[in-house]
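Below: one structure, written as structure tokens.
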Number of protein chains: 2
Amino acid sequence: MSVRKAQAAETRAALLEAARQQFVERGYLNTKITDITAAAGRATGSFYAHFADKDELLRALLDDVRSQARDQVVAEVHPRDHDLADRDQLHAHIGASWQAMRDHLPVTIAVFESIVAEGPRSGRAWQRLVADTDVLRDHLDYLREQHRPLPGDPALLAPAMGAMLSLLSYALLTTDHPAHPDTEVVDTLTDLLLHGLTGPTSPTAPASLTEPAAPAA
Amino acid sequence: MSVRKAQAAETRAALLEAARQQFVERGYLNTKITDITAAAGRATGSFYAHFADKDELLRALLDDVRSQARDQVVAEVHPRDHDLADRDQLHAHIGASWQAMRDHLPVTIAVFESIVAEGPRSGRAWQRLVADTDVLRDHLDYLREQHRPLPGDPALLAPAMGAMLSLLSYALLTTDHPAHPDTEVVDTLTDLLLHGLTGPTSPTAPASLTEPAAPAA
DNA sequence: GTCTATAGTAAGATAGAC
DNA sequence: GTCTATCTTACTATAGAC
């Protein structure tokens, strides 16, 4: 690679990194092109040598995230018959999603804002919710095929679960002094999604069929 | 009321109504002041005789919604000891929330967009999630006081449930051809939140203690 | 490719007649 | 209070030297 190309790649990388920082600091919509170039220590005009506009830069950031995610998936292998009704496996799924959103917080924020900014008629919020919960839905379909009891259509359940994770992570991760640590959030969401508000044993079930009335925690 | 005042009130109402329409059509952020005045059949300058900016207009819309909601709450009375572990009552709660978001769709959309536009550092997403699920949290606290089993801290559970409702409603209600009717959504969310993915009876429980194996739907 | 300087644009907000 | 016309601003995006 020539010196010129290396410098160009460096500038491009600096712009991407500066953008990440600014997106967390100001949000995607409030970040101006000049905010990015200033944070990267470059001139305004240099931005356009690498990206047509802010949107194209965001797509570049997204590509990075996706290629990373692809590597991870390949590394882990991910069979369809994961049993989401098993607490450990559900916990792992939710924990991984949460961690991914935290790891890629600038992109998480930027994508969220850009989708909302597109306006309601675009229908992209639903599109993305469906797309992002594709794997989840596949697992639920598998459960259904096995005649496991499910509270509803996997095509609706998966986006619903994704909505909870997505908005809650956005809200919590963008708070300076989070009221709840990650472990608590993941544990709570796991138990909520696994057994609901009523807990593992229904409180209305006759006591004789359950344990000898354990004292509540 | 004088004629002049009546005309003014009429213009104000026309602006509010036009804004509602435009917010659904274009979204809050993409709606220009001129879009509102044009849709209301008024001149651009007239806007500023009634509102300082778009944000103040949104606050006016919010006040309308809040006063309506207040009336409804007063009408229904709403005791703290509603039992959210009872399916009918949980179903009613979720159904009412869903219906409210649909009824006030323009404001739902606008508030959502304006919060996101404020950027991540404002922390307002979490603030609003907590504020909007205030009543829900109160019900959960009550359950906890009665030593009912809960999957986690009501201070986290309530916002989590609110996040699911909020983002899912935004995504679904802004789709032209919704893939799922309201009744299905409310039913599914109710069952998911009540008993989780595992359904009312744990699939790992010995069959002898449950019903004689009903065929899956 | 990167810089400085500037052109272009879109929208918010105001002035002043009626 | 409402209108038309205009001012202002803030940002995007480009031009042209190096």
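Chains: A, B, ... in order of the structure tokens. Residues: from 1 per chain. Ligands: from 1, in order shown.
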Rotated and translated chain B onto chain A by C-alpha atoms, as a short mmCIF file (atom, residue, chain, number, x, y, z; two decimals) with C-alpha atoms, in the first residue's frame:
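What follows is the written file part.cif:
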data_model
loop_
_atom_site.label_atom_id
_atom_site.label_comp_id
_atom_site.auth_asym_id
_atom_site.auth_seq_id
_atom_site.Cartn_x
_atom_site.Cartn_y
_atom_site.Cartn_z
CA MET B 1 0.13 0.00 0.21
CA SER B 2 1.51 3.41 -0.77
CA VAL B 3 2.09 6.14 1.73
CA ARG B 4 -0.69 8.19 0.22
CA LYS B 5 -3.14 5.34 0.55
CA ALA B 6 -2.05 4.62 4.07
CA GLN B 7 -2.67 8.23 5.05
CA ALA B 8 -6.07 8.09 3.43
CA ALA B 9 -6.96 4.95 5.33
CA GLU B 10 -5.81 6.60 8.51
CA THR B 11 -8.02 9.62 7.91
CA ARG B 12 -10.96 7.39 7.10
CA ALA B 13 -10.44 5.42 10.30
CA ALA B 14 -10.08 8.64 12.28
CA LEU B 15 -13.36 9.91 10.88
CA LEU B 16 -15.14 6.67 11.73
CA GLU B 17 -13.79 6.67 15.24
CA ALA B 18 -14.59 10.34 15.75
CA ALA B 19 -18.10 9.71 14.50
CA ARG B 20 -18.58 6.90 17.00
CA GLN B 21 -17.50 9.16 19.80
CA GLN B 22 -19.71 12.02 18.67
CA PHE B 23 -22.76 9.80 18.20
CA VAL B 24 -22.57 8.76 21.84
CA GLU B 25 -21.86 12.31 22.94
CA ARG B 26 -24.44 14.23 20.90
CA GLY B 27 -26.53 11.58 19.22
CA TYR B 28 -26.61 10.85 15.51
CA LEU B 29 -29.07 13.54 14.47
CA ASN B 30 -27.39 16.30 16.45
CA THR B 31 -23.93 15.46 15.20
CA LYS B 32 -22.85 17.81 12.38
CA ILE B 33 -20.31 16.90 9.75
CA THR B 34 -18.05 19.54 11.24
CA ASP B 35 -18.36 17.91 14.67
CA ILE B 36 -16.96 14.73 13.20
CA THR B 37 -14.12 16.35 11.28
CA ALA B 38 -13.20 18.56 14.22
CA ALA B 39 -13.12 15.58 16.60
CA ALA B 40 -10.99 13.73 14.07
CA GLY B 41 -8.63 16.68 13.74
CA ARG B 42 -9.30 17.02 9.99
CA ALA B 43 -10.70 19.74 7.76
CA THR B 44 -14.36 19.86 6.83
CA GLY B 45 -13.74 19.13 3.19
CA SER B 46 -11.83 15.94 3.92
CA PHE B 47 -15.03 14.28 5.01
CA TYR B 48 -16.39 14.22 1.47
CA ALA B 49 -13.31 12.51 0.11
CA HIS B 50 -14.45 9.43 2.03
CA PHE B 51 -18.21 9.61 2.43
CA ALA B 52 -21.01 11.18 0.43
CA ASP B 53 -22.90 12.10 3.58
CA LYS B 54 -23.53 11.16 7.20
CA ASP B 55 -25.78 8.32 6.17
CA GLU B 56 -23.06 6.64 4.14
CA LEU B 57 -20.70 6.87 7.09
CA LEU B 58 -23.29 5.17 9.26
CA ARG B 59 -23.61 2.37 6.73
CA ALA B 60 -19.85 1.92 6.90
CA LEU B 61 -20.03 1.61 10.68
CA LEU B 62 -22.86 -0.88 10.31
CA ASP B 63 -20.84 -2.99 7.93
CA ASP B 64 -18.06 -3.20 10.50
CA VAL B 65 -20.50 -4.36 13.14
CA ARG B 66 -22.10 -6.89 10.85
CA SER B 67 -18.83 -8.44 9.78
CA GLN B 68 -17.79 -8.71 13.42
CA ALA B 69 -21.11 -10.29 14.30
CA ARG B 70 -20.76 -12.71 11.42
CA ASP B 71 -17.40 -13.84 12.75
CA GLN B 72 -18.87 -14.43 16.17
CA VAL B 73 -21.78 -16.41 14.85
CA VAL B 74 -19.46 -18.56 12.80
CA ALA B 75 -17.26 -19.02 15.84
CA GLU B 76 -20.11 -20.07 18.09
CA VAL B 77 -22.08 -22.04 15.57
CA HIS B 78 -25.72 -21.52 16.22
CA PRO B 79 -28.10 -24.43 15.76
CA ARG B 80 -31.77 -23.76 15.16
CA ASP B 81 -32.90 -26.11 17.89
CA HIS B 82 -31.66 -24.00 20.77
CA ASP B 83 -34.31 -24.41 23.42
CA LEU B 84 -35.43 -20.94 24.47
CA ALA B 85 -37.66 -22.50 27.13
CA ASP B 86 -34.47 -23.56 28.89
CA ARG B 87 -33.45 -20.82 31.28
CA ASP B 88 -29.71 -21.03 30.64
CA GLN B 89 -30.10 -20.82 26.91
CA LEU B 90 -32.62 -17.98 27.04
CA HIS B 91 -30.36 -16.18 29.50
CA ALA B 92 -27.41 -16.60 27.15
CA HIS B 93 -29.39 -15.22 24.23
CA ILE B 94 -30.59 -12.16 26.06
CA GLY B 95 -27.19 -11.59 27.61
CA ALA B 96 -25.49 -11.75 24.22
CA SER B 97 -27.96 -9.31 22.69
CA TRP B 98 -27.52 -6.91 25.56
CA GLN B 99 -23.76 -7.10 25.41
CA ALA B 100 -23.75 -6.57 21.66
CA MET B 101 -25.83 -3.41 22.01
CA ARG B 102 -23.48 -2.14 24.70
CA ASP B 103 -20.35 -3.01 22.73
CA HIS B 104 -21.62 -1.21 19.66
CA LEU B 105 -23.38 1.59 21.50
CA PRO B 106 -22.56 4.31 18.95
CA VAL B 107 -24.10 2.30 16.15
CA THR B 108 -27.02 1.19 18.30
CA ILE B 109 -27.80 4.83 19.01
CA ALA B 110 -27.25 6.03 15.47
CA VAL B 111 -29.38 3.36 13.81
CA PHE B 112 -32.16 3.94 16.29
CA GLU B 113 -32.17 7.68 15.65
CA SER B 114 -31.92 7.36 11.90
CA ILE B 115 -34.87 5.00 11.73
CA VAL B 116 -37.03 7.28 13.85
CA ALA B 117 -35.96 10.28 11.78
CA GLU B 118 -37.21 8.60 8.62
CA GLY B 119 -40.70 9.17 9.86
CA PRO B 120 -43.68 6.93 10.48
CA ARG B 121 -44.70 6.31 6.90
CA SER B 122 -41.49 4.51 6.07
CA GLY B 123 -42.54 1.53 8.18
CA ARG B 124 -38.88 0.91 8.81
CA ALA B 125 -39.26 0.52 12.55
CA TRP B 126 -41.31 -2.62 12.06
CA GLN B 127 -39.07 -3.82 9.23
CA ARG B 128 -36.00 -3.59 11.37
CA LEU B 129 -37.67 -5.13 14.40
CA VAL B 130 -38.58 -8.13 12.27
CA ALA B 131 -35.16 -8.35 10.65
CA ASP B 132 -33.26 -8.03 13.92
CA THR B 133 -35.28 -10.78 15.59
CA ASP B 134 -34.95 -13.19 12.71
CA VAL B 135 -32.93 -15.75 14.62
CA LEU B 136 -35.17 -15.48 17.66
CA ARG B 137 -38.19 -16.13 15.53
CA ASP B 138 -36.54 -19.17 14.05
CA HIS B 139 -36.02 -20.63 17.50
CA LEU B 140 -39.64 -19.96 18.40
CA ASP B 141 -40.85 -21.58 15.19
CA TYR B 142 -38.87 -24.63 16.16
CA LEU B 143 -40.53 -24.75 19.56
CA ARG B 144 -43.92 -24.45 17.94
CA GLU B 145 -43.17 -27.27 15.53
CA GLN B 146 -42.51 -29.42 18.55
CA HIS B 147 -45.96 -28.52 19.87
CA ARG B 148 -44.49 -26.67 22.85
CA PRO B 149 -46.92 -24.21 24.42
CA LEU B 150 -46.35 -20.66 23.18
CA PRO B 151 -48.24 -17.49 24.11
CA GLY B 152 -48.67 -16.50 20.47
CA ASP B 153 -47.42 -16.36 16.91
CA PRO B 154 -43.60 -16.42 16.70
CA ALA B 155 -43.88 -13.79 13.97
CA LEU B 156 -45.28 -11.44 16.59
CA LEU B 157 -43.54 -12.76 19.71
CA ALA B 158 -40.05 -12.28 18.33
CA PRO B 159 -40.51 -8.60 17.40
CA ALA B 160 -42.26 -8.00 20.73
CA MET B 161 -39.31 -9.39 22.65
CA GLY B 162 -36.94 -7.46 20.41
CA ALA B 163 -38.86 -4.26 21.07
CA MET B 164 -38.45 -4.69 24.80
CA LEU B 165 -34.74 -5.34 24.52
CA SER B 166 -34.16 -2.61 21.99
CA LEU B 167 -35.91 0.30 23.65
CA LEU B 168 -34.89 -0.72 27.15
CA SER B 169 -31.25 -0.95 26.16
CA TYR B 170 -31.41 2.39 24.40
CA ALA B 171 -33.00 4.00 27.44
CA LEU B 172 -30.75 2.41 30.03
CA LEU B 173 -27.47 2.51 28.16
CA THR B 174 -27.86 6.22 27.44
CA THR B 175 -28.24 7.06 31.11
CA ASP B 176 -25.15 8.30 32.89
CA HIS B 177 -25.90 6.66 36.21
CA PRO B 178 -27.83 3.54 35.31
CA ALA B 179 -30.30 2.54 37.99
CA HIS B 180 -29.85 -1.14 37.20
CA PRO B 181 -26.66 -3.10 36.47
CA ASP B 182 -26.46 -5.27 33.38
CA THR B 183 -26.66 -8.51 35.32
CA GLU B 184 -29.89 -7.50 37.01
CA VAL B 185 -31.43 -6.44 33.71
CA VAL B 186 -30.53 -9.66 31.93
CA ASP B 187 -31.70 -11.80 34.84
CA THR B 188 -34.98 -9.96 35.16
CA LEU B 189 -35.74 -10.01 31.45
CA THR B 190 -34.92 -13.69 31.31
CA ASP B 191 -37.30 -14.57 34.10
CA LEU B 192 -40.00 -12.25 32.81
CA LEU B 193 -39.86 -13.76 29.34
CA LEU B 194 -39.55 -17.28 30.62
CA HIS B 195 -42.35 -17.42 33.14
CA GLY B 196 -44.03 -14.02 33.04
CA LEU B 197 -45.20 -11.99 35.97
CA THR B 198 -46.65 -14.99 37.74
CA GLY B 199 -43.34 -16.74 38.27
CA PRO B 200 -42.48 -20.39 37.60
CA THR B 201 -45.37 -21.72 39.65
CA SER B 202 -48.81 -20.27 39.28
CA PRO B 203 -49.86 -18.59 42.55
CA THR B 204 -53.36 -19.93 42.06
CA ALA B 205 -52.19 -23.54 41.99
CA PRO B 206 -53.01 -25.55 45.11
CA ALA B 207 -50.12 -25.28 47.57
CA SER B 208 -50.11 -29.03 48.07
CA LEU B 209 -48.74 -29.56 44.59
CA THR B 210 -45.87 -27.10 45.00
CA GLU B 211 -42.99 -26.69 47.40
CA PRO B 212 -43.66 -26.16 51.11
CA ALA B 213 -44.10 -22.39 50.77
CA ALA B 214 -40.65 -20.85 50.49
CA PRO B 215 -40.42 -17.42 52.15
CA ALA B 216 -40.44 -14.56 49.63
CA ALA B 217 -37.09 -12.87 48.99
#
| request: DSSP on the backbone, then: every residue of segment 42-139 of chain B marked alpha helix (DSSP H), written as JSON, numbers by chain. | output: {"B": [54, 55, 56, 57, 58, 59, 60, 61, 62, 63, 64, 65, 66, 67, 68, 69, 70, 71, 72, 73, 74, 75, 76, 87, 88, 89, 90, 91, 92, 93, 94, 95, 96, 97, 98, 99, 100, 101, 102, 103, 105, 106, 107, 108, 109, 110, 111, 112, 113, 114, 115, 116, 117, 124, 125, 126, 127, 128, 129, 130, 131, 132, 134, 135, 136, 137, 138, 139]}
Counting only C-alpha atoms (C1' of nucleotides), which residues in chain D sit no more than 12 Å from chain B? For each one, give the nearest pair of atoms and the distance in Å, sorted by chain then residue number, as CSV.
residue,atom,partner,partner_atom,distance
D:DG1,C1',B:Ala8,CA,6.6
D:DT2,C1',B:Ser46,CA,6.0
D:DC3,C1',B:Ala43,CA,6.4
D:DT4,C1',B:Ala43,CA,8.6
D:DA5,C1',B:Gly45,CA,10.6
D:DT6,C1',B:Gly45,CA,11.8
Any idea what's packed within 12 Å of DT8 of chain D, counting only C-alpha atoms (C1' of nucleotides), ignoring anything in its chain fewer than 5 positions away? Could you give it as a compact mmCIF listing (two decimals) with C-alpha atoms (C1' of nucleotides), in the first residue's frame?
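What landed in around_18.txt:
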# COMPACT_ATOMS: atom_id res chain seq x y z
C1' DA C 11 -36.13 26.34 7.28
C1' DG C 12 -37.04 29.18 11.33
C1' DA C 13 -38.48 33.46 12.67
C1' DT C 14 -39.77 38.51 12.18
| request: Give me, as a PyMOL selection string, the contact residues of chain C against chain A at a cut-off of 12 Å, counting only C-alpha atoms (C1' of nucleotides). | output: chain C and resi 1-6
